[in-house]
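Note: the block below is structure.txt and it holds compact mmCIF, C-alpha atoms and all ligand atoms.
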# COMPACT_ATOMS: atom_id res chain seq x y z
CA MET A 1 115.16 129.81 117.42
CA ALA A 2 112.52 131.49 115.30
CA ASP A 3 111.48 134.90 116.41
CA LEU A 4 107.91 135.23 117.60
CA ASN A 5 107.50 137.96 115.03
CA GLU A 6 107.65 135.26 112.45
CA TYR A 7 105.46 132.81 114.24
CA SER A 8 101.85 132.40 113.44
CA ARG A 9 99.62 129.78 115.01
CA PRO A 10 98.00 127.79 112.20
CA ASN A 11 94.42 128.48 113.21
CA MET A 12 95.05 131.83 114.73
CA LYS A 13 92.21 134.23 114.66
CA HIS A 14 94.59 137.11 114.09
CA SER A 15 97.73 136.75 112.11
CA GLU A 16 99.80 139.62 113.40
CA ILE A 17 102.16 138.90 116.24
CA TRP A 18 104.91 141.21 117.34
CA ARG A 19 107.12 141.90 120.26
CA ARG A 20 107.54 144.90 122.54
CA PHE A 21 107.16 146.29 126.05
CA TYR A 22 107.59 144.74 129.44
CA ILE A 23 104.83 142.87 131.16
CA GLY A 24 106.80 140.51 133.31
CA SER A 25 106.42 137.05 134.63
CA SER A 26 103.70 135.46 136.65
CA THR A 27 103.37 136.07 140.33
CA PRO A 28 101.08 133.52 141.82
CA ASP A 29 99.50 133.33 145.17
CA LEU A 30 100.71 134.77 148.42
CA PRO A 31 101.00 132.93 151.66
CA ALA A 32 98.60 133.68 154.36
CA PHE A 33 96.87 136.61 155.80
CA GLY A 34 96.32 136.63 159.46
CA LYS A 35 97.97 135.14 162.41
CA THR A 36 99.65 131.91 163.03
CA PRO A 37 97.45 128.97 163.68
CA ASP A 38 97.40 126.50 166.45
CA PRO A 39 101.01 125.43 166.93
CA ASN A 40 99.76 121.87 167.31
CA HIS A 41 98.89 121.99 163.66
CA ASN A 42 102.57 121.89 162.83
CA PRO A 43 103.22 118.27 162.07
CA PHE A 44 106.95 118.47 162.52
CA ILE A 45 109.08 118.15 165.54
CA PHE A 46 112.69 119.13 165.37
CA ASP A 47 114.95 116.15 165.78
CA GLN A 48 118.14 117.16 167.56
CA GLN A 49 119.58 113.68 167.26
CA ASP A 50 119.48 113.93 163.50
CA LEU A 51 121.27 117.24 163.57
CA GLU A 52 124.02 115.79 165.69
CA GLN A 53 124.29 112.91 163.28
CA ALA A 54 124.42 115.40 160.43
CA ASP A 55 127.30 117.22 162.07
CA THR A 56 129.14 113.95 162.48
CA GLU A 57 128.59 113.11 158.85
CA ASN A 58 129.68 116.57 157.86
CA SER A 59 133.02 116.02 159.53
CA LEU A 60 133.32 112.86 157.47
CA GLY A 61 132.77 114.87 154.32
CA ARG A 62 129.58 113.11 153.35
CA ILE A 63 127.28 116.09 153.29
CA SER A 64 126.73 118.35 150.36
CA THR A 65 124.80 121.54 150.81
CA CYS A 66 123.72 124.77 149.20
CA ASN A 67 126.13 126.61 151.47
CA SER A 68 128.78 124.38 152.90
CA SER A 69 129.59 126.73 155.77
CA LEU A 70 126.21 126.10 157.34
CA ARG A 71 125.68 123.38 159.85
CA ASN A 72 123.02 120.73 159.90
CA GLN A 73 122.68 120.44 156.18
CA VAL A 74 122.17 116.95 154.91
CA ASN A 75 122.25 115.79 151.40
CA ILE A 76 121.38 112.21 150.65
CA SER A 77 124.30 110.08 151.57
CA ALA A 78 124.10 106.31 151.54
CA SER A 79 123.25 106.20 155.23
CA CYS A 80 120.37 108.60 154.72
CA GLN A 81 119.03 106.58 151.85
CA SER A 82 118.63 103.55 154.07
CA GLU A 83 116.87 105.64 156.72
CA ARG A 84 114.57 106.93 154.09
CA SER A 85 113.62 103.57 152.72
CA ASN A 86 112.76 102.42 156.22
CA ASN A 87 110.24 105.24 156.32
CA LYS A 88 111.32 106.11 159.83
CA LYS A 89 112.47 109.62 159.13
CA ASN A 90 110.92 112.48 157.33
CA LEU A 91 113.25 114.27 154.95
CA ALA A 92 112.24 117.91 154.55
CA ALA A 93 113.52 120.98 152.70
CA ILE A 94 113.89 123.65 155.34
CA LEU A 95 114.50 127.32 154.73
CA TYR A 96 116.76 128.95 157.30
CA GLY A 97 117.18 132.32 155.63
CA PRO A 98 117.64 133.90 152.20
CA ARG A 99 119.07 131.27 149.85
CA ASP A 100 119.79 129.03 152.80
CA LEU A 101 117.77 125.90 152.11
CA ARG A 102 118.80 122.71 153.88
CA LEU A 103 117.70 119.13 153.74
CA GLU A 104 117.09 117.72 157.19
CA TYR A 105 115.20 114.89 158.76
CA ARG A 106 112.26 115.63 160.96
CA GLN A 107 110.23 113.18 162.97
CA MET A 108 107.27 111.45 161.45
CA PRO A 109 104.17 113.53 162.10
CA THR A 110 101.18 112.02 163.86
CA ILE A 111 97.60 112.64 162.85
CA LYS A 112 94.62 113.98 164.73
CA GLY A 113 91.14 112.53 164.28
CA HIS A 114 90.15 114.80 161.40
CA GLN A 115 93.48 114.58 159.60
CA VAL A 116 95.25 112.28 157.18
CA LEU A 117 98.90 111.30 157.02
CA LEU A 118 100.18 111.79 153.52
CA ASN A 119 103.12 110.43 151.64
CA VAL A 120 104.01 113.54 149.68
CA GLU A 121 104.65 112.69 146.03
CA VAL A 122 105.33 115.90 144.13
CA CYS A 123 105.73 119.53 145.17
CA GLY A 124 105.81 122.45 142.76
CA ILE A 125 107.85 125.61 143.17
CA CYS A 126 105.69 128.71 143.06
CA GLY A 127 106.74 132.31 142.46
CA THR A 128 105.97 133.08 146.09
CA ASP A 129 108.18 130.20 147.25
CA VAL A 130 111.00 131.68 145.19
CA ARG A 131 110.48 135.10 146.73
CA ILE A 132 110.65 133.70 150.25
CA TYR A 133 113.69 131.66 149.24
CA GLU A 134 115.45 134.75 147.83
CA ASP A 135 114.50 137.33 150.44
CA GLY A 136 113.42 135.40 153.52
CA ARG A 137 110.23 137.41 153.42
CA LEU A 138 107.08 137.98 151.44
CA GLY A 139 104.89 141.00 152.05
CA PRO A 140 104.13 141.09 155.77
CA PHE A 141 105.56 137.62 156.36
CA THR A 142 109.16 137.40 157.48
CA LEU A 143 111.04 134.20 158.07
CA LYS A 144 112.26 134.16 161.66
CA ASP A 145 112.65 130.48 162.38
CA PRO A 146 113.52 127.58 160.08
CA MET A 147 110.48 126.61 158.03
CA VAL A 148 109.65 123.71 155.73
CA ILE A 149 109.12 125.31 152.33
CA GLY A 150 106.55 124.42 149.64
CA HIS A 151 102.79 124.68 149.26
CA GLU A 152 101.91 123.09 145.91
CA ALA A 153 101.86 119.41 146.67
CA SER A 154 100.16 116.14 145.95
CA GLY A 155 100.32 112.96 147.96
CA THR A 156 99.04 109.49 148.72
CA VAL A 157 96.99 108.89 151.83
CA MET A 158 98.84 106.58 154.23
CA GLU A 159 96.63 106.76 157.27
CA VAL A 160 93.34 108.43 158.18
CA GLY A 161 92.19 109.81 161.51
CA LYS A 162 89.21 108.19 163.22
CA CYS A 163 86.80 110.96 162.17
CA VAL A 164 87.77 110.92 158.50
CA THR A 165 85.14 109.60 156.11
CA ASN A 166 86.05 111.18 152.76
CA LEU A 167 89.39 109.46 152.22
CA LYS A 168 91.03 106.09 152.67
CA PRO A 169 94.60 104.81 152.56
CA GLY A 170 95.90 104.67 149.00
CA ASP A 171 93.86 107.64 147.73
CA LYS A 172 95.68 110.13 145.55
CA VAL A 173 95.06 113.72 146.66
CA ALA A 174 95.79 117.31 145.74
CA ILE A 175 96.63 119.16 148.93
CA GLU A 176 94.87 122.51 149.28
CA PRO A 177 97.53 124.27 151.33
CA GLN A 178 95.23 126.23 153.58
CA VAL A 179 93.10 125.43 156.58
CA PRO A 180 90.71 128.07 157.96
CA CYS A 181 89.14 128.25 161.40
CA ARG A 182 85.67 127.31 160.02
CA MET A 183 84.08 129.46 162.74
CA CYS A 184 84.43 133.11 161.70
CA ARG A 185 82.15 135.19 159.51
CA MET A 186 84.41 134.77 156.46
CA CYS A 187 84.38 131.02 156.87
CA LYS A 188 80.64 130.95 157.45
CA THR A 189 80.01 132.88 154.24
CA GLY A 190 82.16 130.60 152.12
CA ASN A 191 85.10 132.96 151.85
CA TYR A 192 87.30 130.81 153.99
CA HIS A 193 90.43 132.00 152.16
CA MET A 194 89.88 135.33 153.90
CA CYS A 195 89.73 133.75 157.36
CA PRO A 196 91.79 135.88 159.74
CA ASN A 197 93.01 132.70 161.39
CA LEU A 198 93.99 130.97 158.19
CA TYR A 199 96.79 128.43 158.23
CA PHE A 200 98.66 128.55 154.93
CA CYS A 201 101.57 126.25 154.13
CA ALA A 202 104.99 127.88 153.95
CA ALA A 203 103.74 131.31 154.94
CA PRO A 204 106.21 132.06 157.72
CA PRO A 205 106.13 130.75 160.38
CA ASN A 206 103.92 127.90 159.12
CA ASP A 207 105.67 124.84 157.80
CA GLY A 208 104.97 123.85 154.23
CA ASN A 209 104.85 120.47 152.55
CA LEU A 210 108.14 119.92 150.70
CA CYS A 211 108.81 116.91 152.89
CA GLN A 212 108.21 113.19 152.70
CA TYR A 213 105.38 112.97 155.22
CA PHE A 214 102.79 115.57 155.97
CA THR A 215 99.58 115.68 157.96
CA HIS A 216 96.69 117.79 156.76
CA ASP A 217 93.02 118.23 157.52
CA ALA A 218 91.17 115.65 155.43
CA ASP A 219 88.61 118.11 154.07
CA PHE A 220 91.41 120.10 152.46
CA CYS A 221 92.82 117.05 150.70
CA HIS A 222 91.01 116.62 147.40
CA LYS A 223 90.80 113.17 145.92
CA VAL A 224 92.08 112.99 142.37
CA PRO A 225 90.81 110.34 139.92
CA CYS A 226 93.04 107.37 139.13
CA HIS A 227 93.66 108.42 135.54
CA LEU A 228 95.39 111.62 136.64
CA ASP A 229 98.96 111.34 137.83
CA GLN A 230 100.59 112.95 140.84
CA GLU A 231 102.16 115.73 138.77
CA VAL A 232 98.74 116.76 137.55
CA ALA A 233 97.43 116.56 141.11
CA THR A 234 100.18 118.98 142.16
CA LEU A 235 99.18 121.41 139.41
CA MET A 236 95.69 121.69 140.85
CA GLU A 237 97.07 124.46 143.06
CA PRO A 238 97.95 126.94 140.27
CA LEU A 239 94.86 125.80 138.35
CA ALA A 240 92.70 126.57 141.39
CA VAL A 241 94.18 130.10 141.39
CA ALA A 242 93.19 130.35 137.71
CA VAL A 243 89.69 128.99 138.28
CA HIS A 244 89.15 131.45 141.11
CA ALA A 245 90.23 134.36 138.87
CA CYS A 246 87.93 133.22 136.06
CA LYS A 247 85.02 132.87 138.47
CA LYS A 248 85.71 136.36 139.79
CA GLY A 249 85.74 137.70 136.24
CA ARG A 250 82.67 135.64 135.27
CA ILE A 251 84.50 134.40 132.19
CA THR A 252 82.02 132.88 129.81
CA SER A 253 81.23 132.10 126.21
CA GLY A 254 81.80 135.04 123.90
CA ASP A 255 84.40 136.79 126.05
CA ASP A 256 87.57 138.17 124.52
CA VAL A 257 90.05 137.71 127.33
CA LEU A 258 93.38 139.47 127.70
CA ILE A 259 95.89 137.72 129.97
CA LEU A 260 98.79 139.79 131.26
CA GLY A 261 101.77 137.60 132.09
CA SER A 262 102.61 134.20 130.65
CA GLY A 263 104.07 132.43 133.67
CA ALA A 264 102.47 129.41 135.33
CA ILE A 265 99.48 131.38 136.63
CA GLY A 266 99.00 133.27 133.37
CA LEU A 267 99.06 130.04 131.37
CA ALA A 268 96.79 128.20 133.80
CA THR A 269 94.40 131.15 133.64
CA MET A 270 94.47 131.06 129.86
CA LEU A 271 93.57 127.36 129.93
CA ALA A 272 90.81 127.90 132.47
CA ALA A 273 89.38 130.85 130.50
CA LYS A 274 89.19 128.66 127.41
CA ALA A 275 87.50 125.93 129.42
CA TYR A 276 84.94 128.49 130.55
CA GLY A 277 84.17 129.22 126.91
CA ALA A 278 86.13 132.38 126.13
CA SER A 279 85.98 133.11 122.41
CA SER A 280 89.56 134.30 122.24
CA VAL A 281 92.45 134.58 124.64
CA PHE A 282 95.37 136.97 124.12
CA VAL A 283 98.55 136.76 126.17
CA LEU A 284 101.13 139.48 126.78
CA ASP A 285 104.61 139.07 128.23
CA ILE A 286 108.17 140.19 127.55
CA ASP A 287 109.61 136.69 127.40
CA ASP A 288 109.61 134.84 124.08
CA TYR A 289 110.04 131.47 125.80
CA LYS A 290 106.90 131.97 127.86
CA LEU A 291 104.93 133.35 124.95
CA ARG A 292 105.91 130.39 122.81
CA LYS A 293 104.48 128.17 125.53
CA ALA A 294 101.28 130.20 125.47
CA ILE A 295 100.99 129.57 121.74
CA ASP A 296 101.64 125.86 122.23
CA LEU A 297 98.89 125.73 124.84
CA GLY A 298 96.32 127.42 122.64
CA ALA A 299 96.64 131.19 122.91
CA ASP A 300 94.88 132.87 120.00
CA CYS A 301 97.54 135.52 119.94
CA VAL A 302 100.61 136.53 121.94
CA ILE A 303 102.37 139.87 122.10
CA ASN A 304 105.89 140.50 123.34
CA THR A 305 105.60 144.00 124.73
CA LYS A 306 109.24 144.49 125.66
CA ASN A 307 109.83 147.48 123.41
CA LEU A 308 106.35 148.83 123.06
CA ASP A 309 105.11 151.84 125.00
CA GLU A 310 101.80 151.89 126.80
CA GLU A 311 99.84 153.68 124.12
CA GLU A 312 101.15 151.46 121.34
CA THR A 313 100.44 148.36 123.40
CA VAL A 314 96.84 149.31 123.98
CA ARG A 315 96.38 150.20 120.32
CA LYS A 316 97.89 146.93 119.13
CA ILE A 317 95.77 144.88 121.53
CA CYS A 318 92.63 146.48 120.14
CA GLN A 319 93.85 145.94 116.57
CA LEU A 320 94.45 142.27 117.24
CA VAL A 321 91.24 141.59 119.08
CA GLY A 322 89.36 143.63 116.51
CA HIS A 323 87.99 145.69 119.36
CA ALA A 324 88.93 146.14 123.01
CA PRO A 325 88.86 142.95 125.11
CA ASN A 326 85.93 142.85 127.51
CA LYS A 327 87.76 140.88 130.21
CA THR A 328 91.36 141.20 131.38
CA ILE A 329 93.09 139.00 133.93
CA GLU A 330 96.30 140.48 135.25
CA CYS A 331 98.73 137.76 136.36
CA CYS A 332 102.01 139.53 137.12
CA GLY A 333 101.25 142.38 139.52
CA LEU A 334 103.39 144.96 137.76
CA GLU A 335 102.15 148.51 137.59
CA ALA A 336 102.80 148.70 133.83
CA ALA A 337 100.66 145.63 133.26
CA ILE A 338 97.77 146.70 135.46
CA ARG A 339 97.76 150.09 133.72
CA ILE A 340 97.52 148.39 130.34
CA GLY A 341 94.78 146.14 131.64
CA ILE A 342 92.65 149.12 132.65
CA LEU A 343 93.40 151.15 129.52
CA ALA A 344 92.85 148.28 127.08
CA THR A 345 89.64 146.88 128.52
CA LYS A 346 86.34 147.72 126.89
CA PRO A 347 83.93 150.12 128.67
CA CYS A 348 81.88 148.27 131.28
CA GLY A 349 84.43 145.45 131.08
CA THR A 350 86.24 143.72 133.91
CA VAL A 351 89.84 143.65 135.09
CA VAL A 352 90.69 140.85 137.51
CA MET A 353 93.91 141.38 139.44
CA VAL A 354 95.70 138.18 140.44
CA GLY A 355 99.38 139.14 140.36
CA LEU A 356 101.14 140.38 143.46
CA GLY A 357 103.26 143.47 143.08
CA ALA A 358 104.13 146.68 144.87
CA ASP A 359 101.74 147.84 147.58
CA ASN A 360 101.33 151.27 146.05
CA GLN A 361 100.98 151.73 142.31
CA CYS A 362 100.11 154.58 140.00
CA LEU A 363 97.03 153.51 138.03
CA PRO A 364 94.72 155.32 135.58
CA VAL A 365 91.85 155.43 138.04
CA MET A 366 89.85 158.05 136.18
CA ASN A 367 89.96 155.96 133.03
CA SER A 368 88.31 153.16 134.98
CA VAL A 369 85.66 155.61 136.21
CA TYR A 370 84.90 157.01 132.76
CA LYS A 371 84.64 153.52 131.31
CA GLU A 372 82.94 151.93 134.31
CA ILE A 373 85.59 149.25 134.50
CA ASN A 374 85.02 146.65 137.21
CA ILE A 375 88.31 146.13 138.98
CA ILE A 376 88.27 142.94 141.02
CA GLY A 377 90.91 141.44 143.26
CA SER A 378 91.43 137.69 143.23
CA MET A 379 93.36 135.97 145.99
CA ARG A 380 94.26 132.30 145.89
CA TYR A 381 91.13 130.13 145.97
CA ALA A 382 88.13 129.00 147.95
CA ASN A 383 85.99 126.07 146.85
CA ASP A 384 87.91 125.97 143.56
CA TYR A 385 89.86 122.71 143.78
CA GLU A 386 86.78 120.70 142.88
CA THR A 387 86.32 122.72 139.68
CA ALA A 388 90.00 122.47 138.80
CA ILE A 389 90.03 118.69 139.26
CA ASP A 390 86.81 118.33 137.29
CA MET A 391 88.18 120.42 134.41
CA VAL A 392 91.29 118.29 134.14
CA SER A 393 89.66 114.92 134.71
CA ARG A 394 87.10 115.58 131.98
CA GLY A 395 89.76 116.74 129.55
CA LYS A 396 88.65 120.37 129.43
CA VAL A 397 92.11 121.49 130.48
CA ASP A 398 95.48 119.91 129.74
CA ILE A 399 97.59 121.46 132.47
CA LYS A 400 100.62 119.18 132.33
CA PRO A 401 102.47 121.00 129.52
CA ILE A 402 103.18 123.92 131.86
CA ILE A 403 105.74 121.66 133.55
CA THR A 404 109.18 122.49 132.19
CA HIS A 405 111.61 121.04 134.74
CA ARG A 406 111.71 118.25 137.28
CA PHE A 407 114.04 117.65 140.22
CA LYS A 408 114.33 115.11 143.02
CA LEU A 409 113.90 116.06 146.67
CA GLU A 410 117.60 115.43 147.17
CA ASP A 411 118.23 118.22 144.67
CA ALA A 412 115.79 120.69 146.19
CA CYS A 413 118.54 123.28 146.71
CA ASP A 414 119.48 123.11 143.03
CA ALA A 415 115.80 123.27 142.10
CA PHE A 416 115.29 126.50 144.03
CA GLU A 417 118.46 128.05 142.65
CA PHE A 418 117.29 127.13 139.19
CA ALA A 419 113.79 128.51 139.78
CA SER A 420 115.38 131.68 141.12
CA LYS A 421 117.14 132.30 137.79
CA LYS A 422 113.75 132.53 136.08
CA GLU A 423 115.17 131.75 132.66
CA GLU A 424 113.42 129.48 130.18
CA GLN A 425 111.13 127.84 132.66
CA ILE A 426 107.49 127.83 133.58
CA LYS A 427 106.75 125.27 136.29
CA VAL A 428 109.50 123.50 138.20
CA LEU A 429 108.45 120.37 140.10
CA ILE A 430 110.25 118.50 142.84
CA HIS A 431 109.58 114.78 143.08
CA VAL A 432 109.52 113.79 146.72
CA ASN A 433 108.80 110.09 146.21
CA PRO A 434 112.20 108.34 146.09
CA ASP A 435 110.80 105.78 143.62
CA TRP A 436 110.26 108.41 140.97
CA ILE A 437 112.20 107.70 137.78
CA PRO A 438 113.03 110.96 135.96
CA ASP A 439 112.98 109.69 132.39
CA GLU A 440 109.60 108.01 132.65
CA SER A 441 107.94 111.08 134.08
CA ALA A 442 109.49 113.37 131.51
CA LYS A 443 107.89 111.35 128.72
CA CYS A 444 104.38 112.06 130.00
ZN ZN B 501 101.32 128.53 144.38
ZN ZN B 502 87.61 131.54 159.79
Would you kindly transcribe this structure into structure tokens?
Ligand SMILES: [Zn+2]
Ligand SMILES: [Zn+2]
Amino acid sequence: MADLNEYSRPNMKHSEIWRRFYIGSSTPDLPAFGKTPDPNHNPFIFDQQDLEQADTENSLGRISTCNSSLRNQVNISASCQSERSNNKKNLAAILYGPRDLRLEYRQMPTIKGHQVLLNVEVCGICGTDVRIYEDGRLGPFTLKDPMVIGHEASGTVMEVGKCVTNLKPGDKVAIEPQVPCRMCRMCKTGNYHMCPNLYFCAAPPNDGNLCQYFTHDADFCHKVPCHLDQEVATLMEPLAVAVHACKKGRITSGDDVLILGSGAIGLATMLAAKAYGASSVFVLDIDDYKLRKAIDLGADCVINTKNLDEEETVRKICQLVGHAPNKTIECCGLEAAIRIGILATKPCGTVVMVGLGADNQCLPVMNSVYKEINIIGSMRYANDYETAIDMVSRGKVDIKPIITHRFKLEDACDAFEFASKKEEQIKVLIHVNPDWIPDESAKC
């Protein structure tokens, strides 16, 4: 494989590309602030009968699992397949503890008047899902009880509640994985993602949507045009994170934008920044595979910073841009990256912080004072799905190339183990629809 040192994008604004210093991979959004929502919101009911059946099957040697010593784990045996095709049971990927993901059936959820019943089609694996999978916790959220994992999903509407007017059966939707209270000050002022009573999928103890059937409030299911497929609909979640960050940073025509981190969120942010009219976008990471993807998707320049110290990195960024970038979007949350973001950004410029890292970090605060740098936090999204869908449907953003791997729901355990290795991958998707044919999708 050619070294990135030797690679030059044909129409690159700057020809010099080199490798150094660690920036790290993307760290997308974090499951919910605040307390647990109404327990009635949980669409799943534990089905003891299924577990007993699973135990019986286990004794017959028909169950394969991530950890064979654990009970109640069900892989898709022939008997399960028939259940599934009858649509009577709801196969779900349930996290019991660190690296203990099991496939189990749960009862079909029922909808309330303002909700829709969705046939989940595709669910992406996010960096935060991987963290919960690996550690059983994420920030203040600790897994105590089994939880359906997953929060980046798309689906087809099967049934609508009697109060629903925006959707009908058969509609293709991107599921915004949060539901606020709609009553508090944050909700009233449009910042519903900061609602203290926010429900967020797969933020313990809330169930997520890596399951066949899922109910969700209809106003948080965003209809996707027919010409976009379900994989693209799923990717509206990371793109919404990117859109939110670009809005926070007021990315516009003429901006030179530095993106720190070339994972799914970094790449989506790069695409969104270009759609907003950025003149040039520069991407830093330590991983050649990810940087190569950034070049493929249109980065004007990439820098592998693995072996470069902070001072050299800042100097090289300025050399490449021709001057300091005026906007930086930090997408990995590492102290080293945030430091570079502050140091490299032009006076009176903006640093948007998207990545999630250590709670306490040592940052060059005085540098940001002397230069009047605007440091802005960006958390998930609020009113951003519409923009993301519009960008993709009008061809302003081609998000699909960030997909690198696809799995079936039956292989969800393998998918999470794979995502956990973090090697040569950007976005891993799990196809929940049993009719999905791997080869056809991969051609898209
Ligand atoms: Zn996500
Ligand atoms: Zn609220």
Selection within 6 Å of ligand ZN 502 (chain B) by only C-alpha atoms and all ligand atoms, output as a PyMOL selection string: chain A and resi 180-184+186-187+192+195+197
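Distances here use all atoms listed in the file; by that measure, the residue among A:Arg102, A:Lys162, A:Arg131, A:Lys248 closest to ligand ZN 501 (chain B) is A:Arg131.
Going from atom CA of Met366 of chain A over to atom CA of Leu267 of chain A, you cover 29.9 Å.
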Mind giving me the straight-line distance from atom CA of Ile342 of chain A to atom CA of Cys318 of chain A in Å, one decimal? 12.8 Å
List the neighbours of segment 216-218 of chain A out to 8 Å using all atoms listed in the file; skip same-chain residues closer than 2 positions along the sequence, and give me the result as a PyMOL selection string. chain A and resi 114-118+164+166-167+175+179+214+220-221
Could you write those residues out with C-alpha atoms, as a compact mmCIF listing (two decimals), keeping the file's coordinate frame?
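And here's selection02.txt as it stands now:
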# COMPACT_ATOMS: atom_id res chain seq x y z
CA HIS A 114 90.15 114.80 161.40
CA GLN A 115 93.48 114.58 159.60
CA VAL A 116 95.25 112.28 157.18
CA LEU A 117 98.90 111.30 157.02
CA LEU A 118 100.18 111.79 153.52
CA VAL A 164 87.77 110.92 158.50
CA ASN A 166 86.05 111.18 152.76
CA LEU A 167 89.39 109.46 152.22
CA ILE A 175 96.63 119.16 148.93
CA VAL A 179 93.10 125.43 156.58
CA PHE A 214 102.79 115.57 155.97
CA PHE A 220 91.41 120.10 152.46
CA CYS A 221 92.82 117.05 150.70
Using all atoms listed in the file, which protein or nucleic acid residues come within 8 Å of Val314 of chain A? Drop anything in the same chain fewer than 6 positions from it, and give the result as a VMD selection string. chain A and resid 340 343 to 344
Excluding segment 381-391 of chain A and its own-chain neighbours fewer than 4 positions away, which residues fall within 10 Å of it when counting all atoms listed in the file? Please give them as a ChimeraX atom specification. /A:29,174-176,178,187,190-194,220-225,228,232-233,235-245,247,271-272,275-276,395-399
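If you look at atom CA of Gly161 of chain A and atom CA of Ile125 of chain A, they are 28.8 Å away from each other.
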Have a look at A:Val321, A:Ile426, A:Ile111, A:Cys126 and name the one nearest to ligand ZN 501 (chain B); count only C-alpha atoms and all ligand atoms. A:Cys126
Taking only N, CA and C atoms, show segment 208-220 of chain A of the given structure as an mmCIF file, in the first residue's frame.
data_model
loop_
_atom_site.group_PDB
_atom_site.id
_atom_site.type_symbol
_atom_site.label_atom_id
_atom_site.label_comp_id
_atom_site.auth_asym_id
_atom_site.auth_seq_id
_atom_site.Cartn_x
_atom_site.Cartn_y
_atom_site.Cartn_z
ATOM 1 N N GLY A 208 -32.074 0.587 23.270
ATOM 2 C CA GLY A 208 -31.788 1.162 21.961
ATOM 3 C C GLY A 208 -32.594 0.486 20.872
ATOM 4 N N ASN A 209 -32.104 0.591 19.637
ATOM 5 C CA ASN A 209 -32.929 0.119 18.520
ATOM 6 C C ASN A 209 -32.268 -0.924 17.615
ATOM 7 N N LEU A 210 -31.283 -1.666 18.134
ATOM 8 C CA LEU A 210 -30.759 -2.782 17.345
ATOM 9 C C LEU A 210 -31.651 -4.004 17.605
ATOM 10 N N CYS A 211 -32.816 -3.948 16.991
ATOM 11 C CA CYS A 211 -33.844 -4.963 17.164
ATOM 12 C C CYS A 211 -34.739 -4.895 15.929
ATOM 13 N N GLN A 212 -35.551 -5.904 15.752
ATOM 14 C CA GLN A 212 -36.371 -5.929 14.537
ATOM 15 C C GLN A 212 -37.510 -4.916 14.559
ATOM 16 N N TYR A 213 -38.126 -4.752 15.709
ATOM 17 C CA TYR A 213 -39.289 -3.861 15.799
ATOM 18 C C TYR A 213 -39.091 -2.867 16.923
ATOM 19 N N PHE A 214 -39.448 -1.649 16.649
ATOM 20 C CA PHE A 214 -39.145 -0.573 17.585
ATOM 21 C C PHE A 214 -40.258 0.464 17.500
ATOM 22 N N THR A 215 -40.695 0.955 18.620
ATOM 23 C CA THR A 215 -41.663 2.055 18.595
ATOM 24 C C THR A 215 -40.951 3.343 18.960
ATOM 25 N N HIS A 216 -41.347 4.427 18.296
ATOM 26 C CA HIS A 216 -40.695 5.705 18.561
ATOM 27 C C HIS A 216 -41.702 6.814 18.308
ATOM 28 N N ASP A 217 -41.501 7.939 18.993
ATOM 29 C CA ASP A 217 -42.397 9.073 18.773
ATOM 30 C C ASP A 217 -42.291 9.524 17.315
ATOM 31 N N ALA A 218 -43.435 9.727 16.696
ATOM 32 C CA ALA A 218 -43.462 9.978 15.246
ATOM 33 C C ALA A 218 -42.705 11.241 14.854
ATOM 34 N N ASP A 219 -42.707 12.254 15.740
ATOM 35 C CA ASP A 219 -42.033 13.501 15.370
ATOM 36 C C ASP A 219 -40.516 13.398 15.466
ATOM 37 N N PHE A 220 -40.010 12.279 15.929
ATOM 38 C CA PHE A 220 -38.564 12.046 15.917
ATOM 39 C C PHE A 220 -38.192 10.944 14.921
#
